[in-house]
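As structure tokens, the structure follows; a few thoughts come after it.
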Amino acid sequence: MPSRNRAPTEPEEPIGPSLRRATRDVSRTIAPLLLEAVPSIQVVLGERPTAIRGLEACYRADRTEFAHRFGLLAERDGVVAGVAIGFPGRLYQGLKLGTGVTLARAAGPRHATEVVRRERALARLLPNPDPGFLYVSVVAVAAEHRRRGVARALMERVLSGAGRMGLGIAVDTAMDNDQARALYEAFGLRVVAARETKASERALIPVPGMLRLERPR
């Protein structure tokens, strides 16, 4: 007869996501996550399908700030749950240029002017990171997988990789994105610069401003 004093079974710890290097073949899954992280692209390109097409092209390309070659995927139960993309700061300017060119090509000539205007606004809001930093261009998690440790697992691996390269970490986020800021600050990043968007820029980048957070090596 079982003892009435037996301790209740302890709940199992949730199993974290598995992480792997990003690959081109999941571009259709990743593009909507990227769009959630950078919704201004849809503002510029006008329609969600056009924005998704542009981001798929950016992810598949080799020289954009969203390129798969710099990416890390998080999976739960064999399904992509999140993505982080980061690259050495010395590559920032070239990859920004590549992003603008790729978006313009994917979106077609009628959107080219707006893409150029967006990139000019971002150049002011998001200055080049120092070469001594790994710049994280995006951390995005699918809605159904949030609050399950996915973003934290991605950031832990990104920080580990930066440490192996002898680099600090730099990231930008919107001033009003308290959740993202809290995540980055939990890993020791601190705000080092704040730039407010001008009225003329908010039609392209609909946020009050951008914050640069960094954690030195």
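Each chain of the structure tokens is named A, B, ... in the order shown, its residues numbered from 1; ligands are numbered from 1 in display order.
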Could you list, with a cut-off of 12 Å and counting only C-alpha atoms, the residues of region 56-128 of chain A near region 186-209 of chain A, each shown with its nearest atom pair and the distance in Å rounded to one decimal, rows sorted by chain and ascending number, as JSON lines?
```
{"residue": "A:Thr113", "atom": "CA", "partner": "A:Leu204", "partner_atom": "CA", "distance": 11.6}
{"residue": "A:Glu114", "atom": "CA", "partner": "A:Leu204", "partner_atom": "CA", "distance": 7.9}
{"residue": "A:Val115", "atom": "CA", "partner": "A:Leu204", "partner_atom": "CA", "distance": 8.9}
{"residue": "A:Val116", "atom": "CA", "partner": "A:Leu204", "partner_atom": "CA", "distance": 10.5}
{"residue": "A:Arg117", "atom": "CA", "partner": "A:Leu204", "partner_atom": "CA", "distance": 7.9}
{"residue": "A:Arg118", "atom": "CA", "partner": "A:Leu204", "partner_atom": "CA", "distance": 5.9}
{"residue": "A:Glu119", "atom": "CA", "partner": "A:Leu204", "partner_atom": "CA", "distance": 9.5}
{"residue": "A:Arg120", "atom": "CA", "partner": "A:Glu201", "partner_atom": "CA", "distance": 9.6}
{"residue": "A:Ala121", "atom": "CA", "partner": "A:Glu201", "partner_atom": "CA", "distance": 6.4}
{"residue": "A:Leu122", "atom": "CA", "partner": "A:Ile205", "partner_atom": "CA", "distance": 8.3}
{"residue": "A:Ala123", "atom": "CA", "partner": "A:Arg195", "partner_atom": "CA", "distance": 11.3}
{"residue": "A:Arg124", "atom": "CA", "partner": "A:Arg195", "partner_atom": "CA", "distance": 8.4}
{"residue": "A:Leu125", "atom": "CA", "partner": "A:Arg195", "partner_atom": "CA", "distance": 5.8}
{"residue": "A:Leu126", "atom": "CA", "partner": "A:Arg195", "partner_atom": "CA", "distance": 8.3}
{"residue": "A:Pro127", "atom": "CA", "partner": "A:Ala193", "partner_atom": "CA", "distance": 9.8}
```
Could you pull out the strand (DSSP E) residues of region 18-198 of chain A from DSSP and send them as a PyMOL selection string? chain A and resi 18-21+71-76+79-88+133-141+168-174+190-196
Give the helix (DSSP H, G or I) residues of region 58-129 of chain A, as DSSP finds them on the backbone, and put them as a PyMOL selection string. chain A and resi 58-60+68-70+89-107+109-125
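Picture a line from CA of Thr29 (chain A) to CA of Gln93 (chain A); it runs 26.6 Å.
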Which residues are close to Thr50 (chain A), i.e. within 10 Å by only C-alpha atoms, leaving aside same-chain residues fewer than 6 positions away? Reply as number ranges by chain. A: 41-42, 44, 56, 103, 106-108, 111
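Residue neighbourhood of Phe87 (chain A), excluding near-sequence residues (fewer than 5 positions): Phe70, Leu134 and Tyr135 of chain A, at 6 Å, using only C-alpha atoms.
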Computed interatomic separation between CA of Arg48 (chain A) and CA of Met155 (chain A) (Å): 27.8 Å
From A:Ile85, A:Leu34, A:Ala51, A:Ala142, residue lying nearest Arg21 (chain A) [only C-alpha atoms]: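 Among the listed residues, A:Ile85 lies closest to Arg21 (chain A).
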Taking only C-alpha atoms into account, which of A:Leu211, A:Ala170, A:Met175, A:Leu55 comes nearest Ser27 (chain A)? A:Leu55
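Atom to atom, CA of Pro32 (chain A) and CA of Ala112 (chain A) stand 21.2 Å apart.
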Selection near Ala67 (chain A), 8 Å with only C-alpha atoms, sequence-local residues under 6 positions removed, as a list of chain:residue names: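 That gives A:Cys58, A:Tyr59, A:Arg60, A:Ala61, A:Ile85.
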Using only C-alpha atoms, please write the residues we just selected to a file, as a compact mmCIF listing (two decimals), in the first residue's frame.
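File written: again.txt
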```txt
# COMPACT_ATOMS: atom_id res chain seq x y z
CA CYS A 58 17.30 39.81 -47.49
CA TYR A 59 17.43 36.61 -45.43
CA ARG A 60 18.51 34.45 -48.38
CA ALA A 61 21.18 36.94 -49.47
CA ILE A 85 21.06 37.67 -36.30
```
For a quick check of understanding, using only C-alpha atoms, which of A:Leu19, A:Val79, A:Leu183, A:Ala84 has the smallest distance to Val158 (chain A)?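 Of the candidates, the smallest distance to Val158 (chain A) is held by A:Ala84.
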Excluding Leu167 (chain A) and its own-chain neighbours fewer than 6 positions away, which residues fall within 7 Å of it when counting only C-alpha atoms? Please give them as a list in words.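 What passes the distance filter is Gly132, Phe133, Leu134 and Arg217 of chain A.
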